[in-house]
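**Student:** Take a look at this one; I'll ask things after.
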Amino acid sequence: MDVRLATFSSDEINRYGYSIGVQALAGALEQAWEGTPMFVSHDYHRLLGVSRPIGLQLHASRALLRGEICLATTDDDVVHAELFARRFFARKILEVDPDEKAALLALLKEAPSVNSWMMRRECVTVIDAGIAKRQFPDLFPTNDADKRSLINISELDAIAPGVFKIGELVVFAHRYFRRSLSQINNTNEAFLRKFIELKKNSELVVKIALDPDSLGLASSYLTPIELEYWRGPKFDDDLTSIPVGVSVHKASERERFFHCVDRTEFFWHTQNGTRSFECEELLDQESLGIGADAYGCRYAHSIIDDGTGLPNHLDGAIRVYDTEQYLERIDTDISKAGKKSHYVKLWRVDGPLELATWKELVCDFYRGNPLPGEYLSAPPQDAMAGTQEPELQAPRSDLMPLEIAERNSVQIAVSYHYSDEYPDVPACGLVPGIGVNDNGISIKTIELSALDLVKLTQRELGHQILLSPDIVHVAIEDMDINHPLVIFSGASAATAANTWKSALSKICERFNSRGEKRFITANVGIDYGEVTIRFAFAGFAGPLANAATNLEAFPASLDQIGIWCTSSYDYLKQNFDNTGLASEVSDLFRLDGTFRLDRPYIDPSLLLIDEKNTVSIRLPPEEVLVAEALDVGQLSAVTSVYVRACTCAGCNSSYLSCSCSALVDEDVSVSCERIEKFRLVMTERPADRLPA
């Protein structure tokens, strides 16, 4: 399973026209943190893997939703993802509210057949062969493969694109308007919205095919939201430059993956003395919504008025081929293909159409496929607006530490986790340690400087906090401190966590009063029963001291998490620098919901030791920027060691287990007697910059 960290910001959501606040994001996180399946291009038949929102990351300039993306890369991965997807469908789509189910069934003239099923899509919907035709026979004068089956759009009351209200029921646009021609997918909203608006033009006759096999409950309608959109290209009004004959446009690898398009063929010809246009999209996989032996290809046809030069007819359909027919079809072009398919007409417009409208309808009908827009002379940059690949930044050198700007700024993360990840957390609290990889061996560590927060919390609680017995103490000669996760459980877990927050404030204030520009990450978890919430903090000591002091207390109950997130976000926006979004906002967050600043380790092969035991670094030629930063003092190489034994000067016992703190207690110092594994790390803040 390929596991990746994903980021989505509330600002990006708002760009799409949906104003979603932090509390709403927190509510969505609470509902979905166990995970949801991922599908290619919102197509429920094309499972990609599983995603899980982990938590919210709050910064004065932005709120980020952070998640885990797990891509199925092996056969076993696919099996597990499919099982997960089935459970998701059973819970989210096929599980219908009993009252709404009863209300829908009560409105039907005839009971559904034994093969019927119900689902929640735009509305609570019953799916059954011919059920809408039995309920409203006047709307379905023939079968759906007959062009006379289309209904004038002016006779329908559209409450949404493709959703038409009749009393307390709704009928839907034909299922072939949906991705993969499937009942469970969303409709082609981009096309249907513009198509329905055409009824305002009295010169046009606008007709559509309805779905005979589904009926919905009008009162249950909810607007589907897809945060990936097909934005139709913009055109000029010139058709004269398009040549007569057949043109074939091949899809790119990206278009084939996302939209299963192999190519699109365009054919201008004269039919009965009139110029005609045909366009057909050919796929590179079956239309899984109607079966494993069916290729449903979108097809458009238009007639141009010789007198005006404008289209006076345009229609769209699906040509469904079985495998044998499709193999024949792809071996020829549209001019010679004939009509060897099951043809289902979906819509038509008769009357004078403006060329811009004509082009928009054609391209929106082919949602996701930019080739019609490319053929009809759309500006290349608009052809797939909103779906462009993100700009890639040059990768940072492995030897270059994360740049942390010294600003009045604090970050907070709130994340959801299964409590059984650490099933035996004692009521006194647990420090499991920060997992690191040391030459292929996984070990748990705690920084020597991080013991002060643990010790001060223990003092205020009046009892010891359990450290993982195999934890390794690390000393690093820089000014950064990664405080490990501390987890509290039991009835007093929230109270203990608030004691930890108070201790964090005192520790940070102590650093600030000494003029130490320490960058600090700190993490605490509260076990609420089945769910553990982790709270992570990051910032320089001064701002972090203020935040830890003034933020509201951690909630005593799980249902208050969203409120806490909202108040914390408001506090950050009101009290800290919100200019820009530094790279550390993303790079500090970890998949376990904690903040951690990684130090770049210098590989021993890069170190040279002369006869005087002087250590120098031999950098590869490509590390020019690192070498320059070392030369001017922007970067420093400092030591990092494992501390096996050290003595407290205050009590003359092991500092690793005593209650003394070298930071807050007078006349307490530490001497290390046994250290191991000398290594060098890169930093921008070496410890020699501490005040005298």
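Here, A, B, ... name the chains of the structure tokens in the order displayed, residue numbers run from 1 inside each chain, and ligands are numbered from 1 in the same displayed order.
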Mind checking which residues fall within 9 Å of A:His249, counting only C-alpha atoms, ignoring those fewer than 2 positions away in the same chain, and posting them as a list in words?
**Tutor:**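 Here the qualifying residues turn out to be Ser247, Ala251, Asp262, Arg263, Thr264, Glu265, Phe266, Leu371, Pro372, Glu374 and Tyr375 of chain A.
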**Student:** May I have the selected residues written with N, CA and C atoms, as a PDB file, in the first residue's frame?
**Tutor:**
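The resulting file, again_3.pdb, is reproduced below:
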```pdb
ATOM      1  N   SER A 247     -11.531  14.019 -38.456  1.00  0.00           N
ATOM      2  CA  SER A 247     -10.364  14.356 -37.651  1.00  0.00           C
ATOM      3  C   SER A 247     -10.377  13.468 -36.406  1.00  0.00           C
ATOM      4  N   ALA A 251      -6.218  10.911 -26.891  1.00  0.00           N
ATOM      5  CA  ALA A 251      -6.154  11.368 -25.504  1.00  0.00           C
ATOM      6  C   ALA A 251      -4.737  11.208 -24.952  1.00  0.00           C
ATOM      7  N   ASP A 262      -9.958   7.044 -25.006  1.00  0.00           N
ATOM      8  CA  ASP A 262      -8.855   6.674 -25.885  1.00  0.00           C
ATOM      9  C   ASP A 262      -8.665   7.713 -26.982  1.00  0.00           C
ATOM     10  N   ARG A 263      -9.759   8.067 -27.654  1.00  0.00           N
ATOM     11  CA  ARG A 263      -9.687   9.089 -28.699  1.00  0.00           C
ATOM     12  C   ARG A 263     -11.093   9.628 -28.939  1.00  0.00           C
ATOM     13  N   THR A 264     -11.165  10.737 -29.647  1.00  0.00           N
ATOM     14  CA  THR A 264     -12.448  11.318 -30.048  1.00  0.00           C
ATOM     15  C   THR A 264     -12.369  11.634 -31.536  1.00  0.00           C
ATOM     16  N   GLU A 265     -13.420  11.244 -32.252  1.00  0.00           N
ATOM     17  CA  GLU A 265     -13.443  11.414 -33.704  1.00  0.00           C
ATOM     18  C   GLU A 265     -14.494  12.451 -34.096  1.00  0.00           C
ATOM     19  N   PHE A 266     -14.143  13.285 -35.071  1.00  0.00           N
ATOM     20  CA  PHE A 266     -15.003  14.375 -35.533  1.00  0.00           C
ATOM     21  C   PHE A 266     -15.193  14.233 -37.045  1.00  0.00           C
ATOM     22  N   LEU A 371     -10.912  16.862 -25.537  1.00  0.00           N
ATOM     23  CA  LEU A 371     -10.633  16.767 -26.972  1.00  0.00           C
ATOM     24  C   LEU A 371     -11.647  17.506 -27.838  1.00  0.00           C
ATOM     25  N   PRO A 372     -12.967  17.482 -27.540  1.00  0.00           N
ATOM     26  CA  PRO A 372     -13.879  18.311 -28.339  1.00  0.00           C
ATOM     27  C   PRO A 372     -13.543  19.793 -28.262  1.00  0.00           C
ATOM     28  N   GLU A 374     -10.593  21.049 -27.702  1.00  0.00           N
ATOM     29  CA  GLU A 374      -9.361  21.199 -28.475  1.00  0.00           C
ATOM     30  C   GLU A 374      -9.675  21.267 -29.971  1.00  0.00           C
ATOM     31  N   TYR A 375     -10.567  20.407 -30.429  1.00  0.00           N
ATOM     32  CA  TYR A 375     -10.917  20.378 -31.848  1.00  0.00           C
ATOM     33  C   TYR A 375     -11.671  21.629 -32.276  1.00  0.00           C
TER      34      TYR A 375
END
```
**Student:** Would you kindly return, as a PyMOL selection string, each protein, DNA or RNA residue with an atom no farther than 10 Å from any atom of A:Ser502, considering only C-alpha atoms and excluding same-chain residues fewer than 3 positions away?
**Tutor:** chain A and resi 453+456-457+460+496-499+505-507+545+548-550+553
**Student:** So, counting only C-alpha atoms, which residue among A:Val205, A:Ile184, A:Ile131, A:Val248 is closest to A:Ile290?
**Tutor:**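 Between A:Val205, A:Ile184, A:Ile131, A:Val248, the residue approaching A:Ile290 most closely is A:Ile184.
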**Student:** According to DSSP computed on the backbone, where in stretch 225-343 of chain A is there strand (DSSP E or B)? Give the residues as an mmCIF file with N, CA and C atoms, in the first residue's frame.
**Tutor:**
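The new file result20.cif reads:
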```
data_model
loop_
_atom_site.group_PDB
_atom_site.id
_atom_site.type_symbol
_atom_site.label_atom_id
_atom_site.label_comp_id
_atom_site.auth_asym_id
_atom_site.auth_seq_id
_atom_site.Cartn_x
_atom_site.Cartn_y
_atom_site.Cartn_z
ATOM 1 N N GLY A 245 -14.392 16.547 -43.398
ATOM 2 C CA GLY A 245 -13.757 15.243 -43.329
ATOM 3 C C GLY A 245 -13.661 14.764 -41.893
ATOM 4 N N VAL A 246 -12.846 13.752 -41.677
ATOM 5 C CA VAL A 246 -12.698 13.129 -40.361
ATOM 6 C C VAL A 246 -11.413 13.608 -39.709
ATOM 7 N N SER A 247 -11.531 14.019 -38.456
ATOM 8 C CA SER A 247 -10.364 14.356 -37.651
ATOM 9 C C SER A 247 -10.377 13.468 -36.406
ATOM 10 N N VAL A 248 -9.212 12.995 -36.011
ATOM 11 C CA VAL A 248 -9.090 12.130 -34.835
ATOM 12 C C VAL A 248 -8.128 12.785 -33.849
ATOM 13 N N HIS A 249 -8.598 12.969 -32.609
ATOM 14 C CA HIS A 249 -7.753 13.529 -31.555
ATOM 15 C C HIS A 249 -7.538 12.457 -30.491
ATOM 16 N N LYS A 250 -6.267 12.119 -30.245
ATOM 17 C CA LYS A 250 -5.927 11.097 -29.268
ATOM 18 C C LYS A 250 -5.819 11.707 -27.871
ATOM 19 N N VAL A 261 -10.789 7.787 -21.707
ATOM 20 C CA VAL A 261 -10.948 8.185 -23.107
ATOM 21 C C VAL A 261 -9.725 7.729 -23.896
ATOM 22 N N ASP A 262 -9.958 7.044 -25.006
ATOM 23 C CA ASP A 262 -8.855 6.674 -25.885
ATOM 24 C C ASP A 262 -8.665 7.713 -26.982
ATOM 25 N N ARG A 263 -9.759 8.067 -27.654
ATOM 26 C CA ARG A 263 -9.687 9.089 -28.699
ATOM 27 C C ARG A 263 -11.093 9.628 -28.939
ATOM 28 N N THR A 264 -11.165 10.737 -29.647
ATOM 29 C CA THR A 264 -12.448 11.318 -30.048
ATOM 30 C C THR A 264 -12.369 11.634 -31.536
ATOM 31 N N GLU A 265 -13.420 11.244 -32.252
ATOM 32 C CA GLU A 265 -13.443 11.414 -33.704
ATOM 33 C C GLU A 265 -14.494 12.451 -34.096
ATOM 34 N N PHE A 266 -14.143 13.285 -35.071
ATOM 35 C CA PHE A 266 -15.003 14.375 -35.533
ATOM 36 C C PHE A 266 -15.193 14.233 -37.045
ATOM 37 N N PHE A 267 -16.435 14.417 -37.491
ATOM 38 C CA PHE A 267 -16.749 14.140 -38.897
ATOM 39 C C PHE A 267 -17.695 15.214 -39.421
ATOM 40 N N TRP A 268 -17.212 16.022 -40.363
ATOM 41 C CA TRP A 268 -18.045 16.979 -41.083
ATOM 42 C C TRP A 268 -18.337 16.400 -42.467
ATOM 43 N N HIS A 269 -19.608 16.423 -42.846
ATOM 44 C CA HIS A 269 -19.974 15.872 -44.151
ATOM 45 C C HIS A 269 -21.293 16.496 -44.602
ATOM 46 N N THR A 270 -21.649 16.225 -45.847
ATOM 47 C CA THR A 270 -22.920 16.715 -46.396
ATOM 48 C C THR A 270 -23.920 15.570 -46.417
ATOM 49 N N GLN A 271 -25.091 15.840 -45.827
ATOM 50 C CA GLN A 271 -26.149 14.829 -45.746
ATOM 51 C C GLN A 271 -27.432 15.440 -46.298
ATOM 52 N N THR A 274 -27.233 19.075 -46.865
ATOM 53 C CA THR A 274 -27.040 19.938 -45.691
ATOM 54 C C THR A 274 -25.764 19.523 -44.955
ATOM 55 N N ARG A 275 -25.032 20.543 -44.497
ATOM 56 C CA ARG A 275 -23.793 20.246 -43.783
ATOM 57 C C ARG A 275 -24.124 19.664 -42.410
ATOM 58 N N SER A 276 -23.485 18.539 -42.068
ATOM 59 C CA SER A 276 -23.743 17.856 -40.802
ATOM 60 C C SER A 276 -22.430 17.609 -40.060
ATOM 61 N N PHE A 277 -22.571 17.454 -38.755
ATOM 62 C CA PHE A 277 -21.428 17.241 -37.870
ATOM 63 C C PHE A 277 -21.717 16.039 -36.977
ATOM 64 N N GLU A 278 -20.738 15.158 -36.835
ATOM 65 C CA GLU A 278 -20.842 14.036 -35.909
ATOM 66 C C GLU A 278 -19.573 13.969 -35.070
ATOM 67 N N CYS A 279 -19.750 13.549 -33.850
ATOM 68 C CA CYS A 279 -18.625 13.462 -32.922
ATOM 69 C C CYS A 279 -18.849 12.250 -32.029
ATOM 70 N N GLU A 280 -17.842 11.382 -31.932
ATOM 71 C CA GLU A 280 -17.975 10.213 -31.063
ATOM 72 C C GLU A 280 -16.698 10.011 -30.261
ATOM 73 N N GLU A 281 -16.908 9.722 -28.983
ATOM 74 C CA GLU A 281 -15.813 9.456 -28.058
ATOM 75 C C GLU A 281 -15.644 7.944 -27.938
ATOM 76 N N LEU A 282 -14.411 7.471 -28.083
ATOM 77 C CA LEU A 282 -14.124 6.047 -27.947
ATOM 78 C C LEU A 282 -13.339 5.813 -26.653
ATOM 79 N N LEU A 283 -13.720 4.763 -25.944
ATOM 80 C CA LEU A 283 -13.197 4.508 -24.605
ATOM 81 C C LEU A 283 -12.070 3.489 -24.632
ATOM 82 N N TYR A 295 -19.539 -1.036 -23.872
ATOM 83 C CA TYR A 295 -18.797 0.210 -24.035
ATOM 84 C C TYR A 295 -19.796 1.295 -24.435
ATOM 85 N N GLY A 296 -20.098 2.181 -23.486
ATOM 86 C CA GLY A 296 -21.052 3.247 -23.758
ATOM 87 C C GLY A 296 -20.341 4.513 -24.168
ATOM 88 N N CYS A 297 -20.375 4.844 -25.436
ATOM 89 C CA CYS A 297 -19.617 5.976 -25.981
ATOM 90 C C CYS A 297 -20.543 7.160 -26.259
ATOM 91 N N ARG A 298 -20.152 8.319 -25.802
ATOM 92 C CA ARG A 298 -20.949 9.520 -26.048
ATOM 93 C C ARG A 298 -20.850 9.921 -27.518
ATOM 94 N N TYR A 299 -21.992 10.314 -28.043
ATOM 95 C CA TYR A 299 -22.089 10.647 -29.472
ATOM 96 C C TYR A 299 -22.937 11.905 -29.611
ATOM 97 N N ALA A 300 -22.490 12.848 -30.438
ATOM 98 C CA ALA A 300 -23.244 14.076 -30.708
ATOM 99 C C ALA A 300 -23.410 14.251 -32.215
ATOM 100 N N HIS A 301 -24.549 14.830 -32.595
ATOM 101 C CA HIS A 301 -24.854 15.039 -34.013
ATOM 102 C C HIS A 301 -25.487 16.415 -34.163
ATOM 103 N N SER A 302 -25.135 17.121 -35.242
ATOM 104 C CA SER A 302 -25.681 18.453 -35.452
ATOM 105 C C SER A 302 -25.869 18.714 -36.941
ATOM 106 N N ILE A 303 -26.826 19.605 -37.252
ATOM 107 C CA ILE A 303 -27.095 20.032 -38.631
ATOM 108 C C ILE A 303 -26.941 21.546 -38.687
ATOM 109 N N ILE A 304 -26.271 22.025 -39.726
ATOM 110 C CA ILE A 304 -26.015 23.454 -39.884
ATOM 111 C C ILE A 304 -26.974 24.027 -40.927
ATOM 112 N N PRO A 311 -26.022 26.416 -36.398
ATOM 113 C CA PRO A 311 -26.661 25.127 -36.142
ATOM 114 C C PRO A 311 -28.154 25.326 -35.881
ATOM 115 N N ASN A 312 -28.975 24.471 -36.470
ATOM 116 C CA ASN A 312 -30.405 24.515 -36.159
ATOM 117 C C ASN A 312 -30.893 23.184 -35.580
ATOM 118 N N HIS A 313 -29.938 22.294 -35.318
ATOM 119 C CA HIS A 313 -30.267 21.039 -34.638
ATOM 120 C C HIS A 313 -29.002 20.507 -33.961
ATOM 121 N N LEU A 314 -29.165 20.011 -32.742
ATOM 122 C CA LEU A 314 -28.057 19.394 -32.015
ATOM 123 C C LEU A 314 -28.646 18.339 -31.095
ATOM 124 N N ASP A 315 -28.075 17.155 -31.096
ATOM 125 C CA ASP A 315 -28.550 16.120 -30.167
ATOM 126 C C ASP A 315 -27.369 15.320 -29.650
ATOM 127 N N GLY A 316 -27.620 14.601 -28.553
ATOM 128 C CA GLY A 316 -26.593 13.766 -27.951
ATOM 129 C C GLY A 316 -27.158 12.413 -27.588
ATOM 130 N N ALA A 317 -26.319 11.399 -27.654
ATOM 131 C CA ALA A 317 -26.771 10.036 -27.398
ATOM 132 C C ALA A 317 -25.616 9.223 -26.831
ATOM 133 N N ILE A 318 -25.949 7.995 -26.447
ATOM 134 C CA ILE A 318 -24.946 7.000 -26.077
ATOM 135 C C ILE A 318 -25.035 5.859 -27.080
ATOM 136 N N ARG A 319 -23.910 5.503 -27.645
ATOM 137 C CA ARG A 319 -23.829 4.309 -28.487
ATOM 138 C C ARG A 319 -23.195 3.203 -27.640
ATOM 139 N N VAL A 320 -23.960 2.144 -27.379
ATOM 140 C CA VAL A 320 -23.486 1.054 -26.543
ATOM 141 C C VAL A 320 -23.079 -0.116 -27.433
ATOM 142 N N TYR A 321 -21.818 -0.521 -27.317
ATOM 143 C CA TYR A 321 -21.274 -1.631 -28.095
ATOM 144 C C TYR A 321 -20.968 -2.799 -27.165
ATOM 145 N N HIS A 342 -26.180 -0.307 -29.835
ATOM 146 C CA HIS A 342 -27.472 -0.012 -29.214
ATOM 147 C C HIS A 342 -27.494 1.495 -28.964
ATOM 148 N N TYR A 343 -28.393 2.198 -29.611
ATOM 149 C CA TYR A 343 -28.388 3.663 -29.640
ATOM 150 C C TYR A 343 -29.448 4.199 -28.679
#
```
**Student:** Which is closest to A:Glu421 among A:Thr532, A:Asn186, A:Ser671, A:Ser657, if we use only C-alpha atoms?
**Tutor:**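 Of all the options, A:Thr532 lies closest to A:Glu421.
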**Student:** Report as a VMD selection string all protein, DNA and RNA residues lying within 8 Å of stretch 43-53 of chain A, evaluated on only C-alpha atoms, omitting residues in the same chain fewer than 3 positions from it.
**Tutor:** chain A and resid 29 32 to 40 65 to 72 78 81 to 82 84 179 to 180 184 to 185 288 to 289
**Student:** Could you write out that same residue set with N, CA and C atoms as an mmCIF file, in the first residue's frame?
**Tutor:**
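Full text of out-v8.cif as output:
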```cif
data_model
loop_
_atom_site.group_PDB
_atom_site.id
_atom_site.type_symbol
_atom_site.label_atom_id
_atom_site.label_comp_id
_atom_site.auth_asym_id
_atom_site.auth_seq_id
_atom_site.Cartn_x
_atom_site.Cartn_y
_atom_site.Cartn_z
ATOM 1 N N LEU A 29 -14.578 15.870 9.906
ATOM 2 C CA LEU A 29 -13.481 15.021 10.356
ATOM 3 C C LEU A 29 -13.979 13.989 11.360
ATOM 4 N N ALA A 32 -15.813 11.224 9.513
ATOM 5 C CA ALA A 32 -15.140 10.443 8.466
ATOM 6 C C ALA A 32 -13.734 9.991 8.823
ATOM 7 N N TRP A 33 -13.292 10.184 10.070
ATOM 8 C CA TRP A 33 -11.889 9.932 10.385
ATOM 9 C C TRP A 33 -11.509 8.461 10.251
ATOM 10 N N GLU A 34 -12.490 7.555 10.293
ATOM 11 C CA GLU A 34 -12.172 6.138 10.113
ATOM 12 C C GLU A 34 -11.837 5.803 8.668
ATOM 13 N N GLY A 35 -12.155 6.721 7.745
ATOM 14 C CA GLY A 35 -11.726 6.537 6.371
ATOM 15 C C GLY A 35 -12.868 6.398 5.388
ATOM 16 N N THR A 36 -12.592 6.728 4.145
ATOM 17 C CA THR A 36 -13.540 6.567 3.046
ATOM 18 C C THR A 36 -12.780 6.055 1.830
ATOM 19 N N PRO A 37 -13.452 5.294 0.957
ATOM 20 C CA PRO A 37 -12.780 4.844 -0.266
ATOM 21 C C PRO A 37 -12.531 6.015 -1.209
ATOM 22 N N MET A 38 -11.507 5.903 -2.038
ATOM 23 C CA MET A 38 -11.192 6.904 -3.053
ATOM 24 C C MET A 38 -11.500 6.336 -4.425
ATOM 25 N N PHE A 39 -12.073 7.180 -5.276
ATOM 26 C CA PHE A 39 -12.451 6.755 -6.613
ATOM 27 C C PHE A 39 -11.863 7.721 -7.642
ATOM 28 N N VAL A 40 -11.545 7.193 -8.799
ATOM 29 C CA VAL A 40 -11.002 8.026 -9.868
ATOM 30 C C VAL A 40 -12.120 8.866 -10.461
ATOM 31 N N LEU A 65 -7.008 20.764 6.246
ATOM 32 C CA LEU A 65 -7.468 19.421 6.550
ATOM 33 C C LEU A 65 -6.376 18.464 6.101
ATOM 34 N N ARG A 66 -5.798 17.714 7.028
ATOM 35 C CA ARG A 66 -4.702 16.810 6.712
ATOM 36 C C ARG A 66 -5.213 15.372 6.709
ATOM 37 N N GLY A 67 -4.754 14.594 5.764
ATOM 38 C CA GLY A 67 -5.252 13.235 5.649
ATOM 39 C C GLY A 67 -4.212 12.271 5.144
ATOM 40 N N GLU A 68 -4.609 11.016 5.148
ATOM 41 C CA GLU A 68 -3.760 9.922 4.705
ATOM 42 C C GLU A 68 -4.381 9.310 3.462
ATOM 43 N N ILE A 69 -3.604 9.196 2.398
ATOM 44 C CA ILE A 69 -4.059 8.570 1.162
ATOM 45 C C ILE A 69 -3.329 7.241 1.010
ATOM 46 N N CYS A 70 -4.096 6.160 0.892
ATOM 47 C CA CYS A 70 -3.524 4.823 0.741
ATOM 48 C C CYS A 70 -3.924 4.288 -0.623
ATOM 49 N N LEU A 71 -2.972 4.204 -1.540
ATOM 50 C CA LEU A 71 -3.235 3.743 -2.892
ATOM 51 C C LEU A 71 -3.023 2.232 -2.966
ATOM 52 N N ALA A 72 -3.999 1.530 -3.532
ATOM 53 C CA ALA A 72 -3.899 0.082 -3.659
ATOM 54 C C ALA A 72 -2.910 -0.258 -4.769
ATOM 55 N N VAL A 78 -5.942 -4.345 -3.202
ATOM 56 C CA VAL A 78 -7.210 -4.175 -3.910
ATOM 57 C C VAL A 78 -8.329 -4.902 -3.180
ATOM 58 N N ALA A 81 -9.207 -2.932 -0.095
ATOM 59 C CA ALA A 81 -9.895 -1.694 -0.465
ATOM 60 C C ALA A 81 -11.324 -1.974 -0.913
ATOM 61 N N GLU A 82 -11.543 -3.061 -1.639
ATOM 62 C CA GLU A 82 -12.893 -3.399 -2.090
ATOM 63 C C GLU A 82 -13.798 -3.758 -0.910
ATOM 64 N N PHE A 84 -13.465 -2.618 2.095
ATOM 65 C CA PHE A 84 -13.714 -1.343 2.762
ATOM 66 C C PHE A 84 -14.783 -0.552 2.005
ATOM 67 N N ARG A 179 -21.712 9.221 -14.764
ATOM 68 C CA ARG A 179 -20.424 8.592 -15.060
ATOM 69 C C ARG A 179 -20.580 7.078 -15.144
ATOM 70 N N SER A 180 -19.895 6.504 -16.084
ATOM 71 C CA SER A 180 -19.961 5.056 -16.337
ATOM 72 C C SER A 180 -21.389 4.584 -16.579
ATOM 73 N N ILE A 184 -25.450 4.774 -9.579
ATOM 74 C CA ILE A 184 -24.886 5.210 -8.296
ATOM 75 C C ILE A 184 -24.002 6.444 -8.417
ATOM 76 N N ASN A 185 -23.705 6.882 -9.635
ATOM 77 C CA ASN A 185 -22.852 8.055 -9.821
ATOM 78 C C ASN A 185 -23.678 9.331 -9.964
ATOM 79 N N LEU A 288 -18.593 0.429 -16.712
ATOM 80 C CA LEU A 288 -18.858 -0.557 -15.670
ATOM 81 C C LEU A 288 -20.233 -0.412 -15.036
ATOM 82 N N GLY A 289 -20.891 0.728 -15.259
ATOM 83 C CA GLY A 289 -22.222 0.904 -14.698
ATOM 84 C C GLY A 289 -23.287 0.066 -15.374
#
```
**Student:** Near A:Asn152, counting only C-alpha atoms, which residues have an atom at most 7 Å away, once you skip same-chain residues fewer than 6 positions from it, shown as a PyMOL selection string?
**Tutor:** chain A and resi 206-208
**Student:** Could you write out that same residue set with C-alpha atoms as a tab-separated table (two decimals), in the first residue's frame?
**Tutor:**
```
chain	number	residue	atom	x	y	z
A	206	VAL	CA	-35.45	21.42	-26.00
A	207	LYS	CA	-36.04	17.75	-25.18
A	208	ILE	CA	-34.48	15.28	-22.78
```
**Student:** State, in Å with one decimal place, the distance from atom CA of A:Ile465 to atom CA of A:Asp424.
**Tutor:** 13.4 Å
**Student:** To one decimal place in Å, what is the distance between atom CA of A:Ser669 and atom CA of A:Ile471?
**Tutor:**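 About the pair atom CA of A:Ser669 and atom CA of A:Ile471: they are 22.1 Å apart.
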**Student:** Can you list, as a PyMOL selection string, every protein, DNA or RNA residue that comes within 7 Å of A:Gly429 when you count only C-alpha atoms, leaving out same-chain residues fewer than 4 positions away?
**Tutor:** chain A and resi 425+465-466+486-489
**Student:** Looking at A:Glu509, A:Asp592, A:Asp364, A:Asp452, which one is nearest to A:His483, with distances taken over only C-alpha atoms?
**Tutor:**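 The shortest atom-to-atom distance to A:His483 comes from A:Asp452.
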**Student:** Could you pull out the alpha helix (DSSP H) residues of stretch 130-185 of chain A from DSSP and send them as number ranges by chain?
**Tutor:** A: 131-135
**Student:** Considering only C-alpha atoms, return as a count of residues only whatever protein or nucleic-acid residues lie within 10 Å of A:Cys648, sequence-local ones (same chain, fewer than 6 positions apart) excluded.
**Tutor:** 14
**Student:** Using only C-alpha atoms, determine which residues lie at most 12 Å from A:Ser513, disregarding the query and same-chain residues fewer than 2 positions distant; provide the list as a ChimeraX atom specification.
**Tutor:** /A:506-511,515-518,541-542,545,663-664,691
**Student:** I need the residues from that last selection saved to file as a JSON list (two decimals), in the first residue's frame (with C-alpha atoms), if you can.
**Tutor:**
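Once everything was written out, this is again.json:
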```json
[["chain", "number", "residue", "atom", "x", "y", "z"],
["A", 506, "LYS", "CA", 5.88, 27.67, 31.90],
["A", 507, "ILE", "CA", 8.64, 25.87, 30.01],
["A", 508, "CYS", "CA", 8.24, 28.15, 26.98],
["A", 509, "GLU", "CA", 8.09, 31.28, 29.14],
["A", 510, "ARG", "CA", 11.31, 30.21, 30.84],
["A", 511, "PHE", "CA", 13.07, 29.90, 27.47],
["A", 515, "GLY", "CA", 16.25, 35.16, 25.39],
["A", 516, "GLU", "CA", 16.54, 31.73, 23.78],
["A", 517, "LYS", "CA", 15.03, 31.56, 20.29],
["A", 518, "ARG", "CA", 13.93, 27.97, 20.73],
["A", 541, "ALA", "CA", 9.02, 29.77, 22.70],
["A", 542, "GLY", "CA", 7.56, 33.27, 23.22],
["A", 545, "ALA", "CA", 3.98, 30.40, 25.79],
["A", 663, "LEU", "CA", 15.66, 24.42, 33.11],
["A", 664, "VAL", "CA", 13.48, 25.57, 35.99],
["A", 691, "PRO", "CA", 22.90, 33.50, 25.65]]
```
**Student:** Looking at only C-alpha atoms, which of A:Ile441, A:Ala190, A:Ala106, A:Ala536 is the one that sits closest to A:Glu360?
**Tutor:** A:Ala190
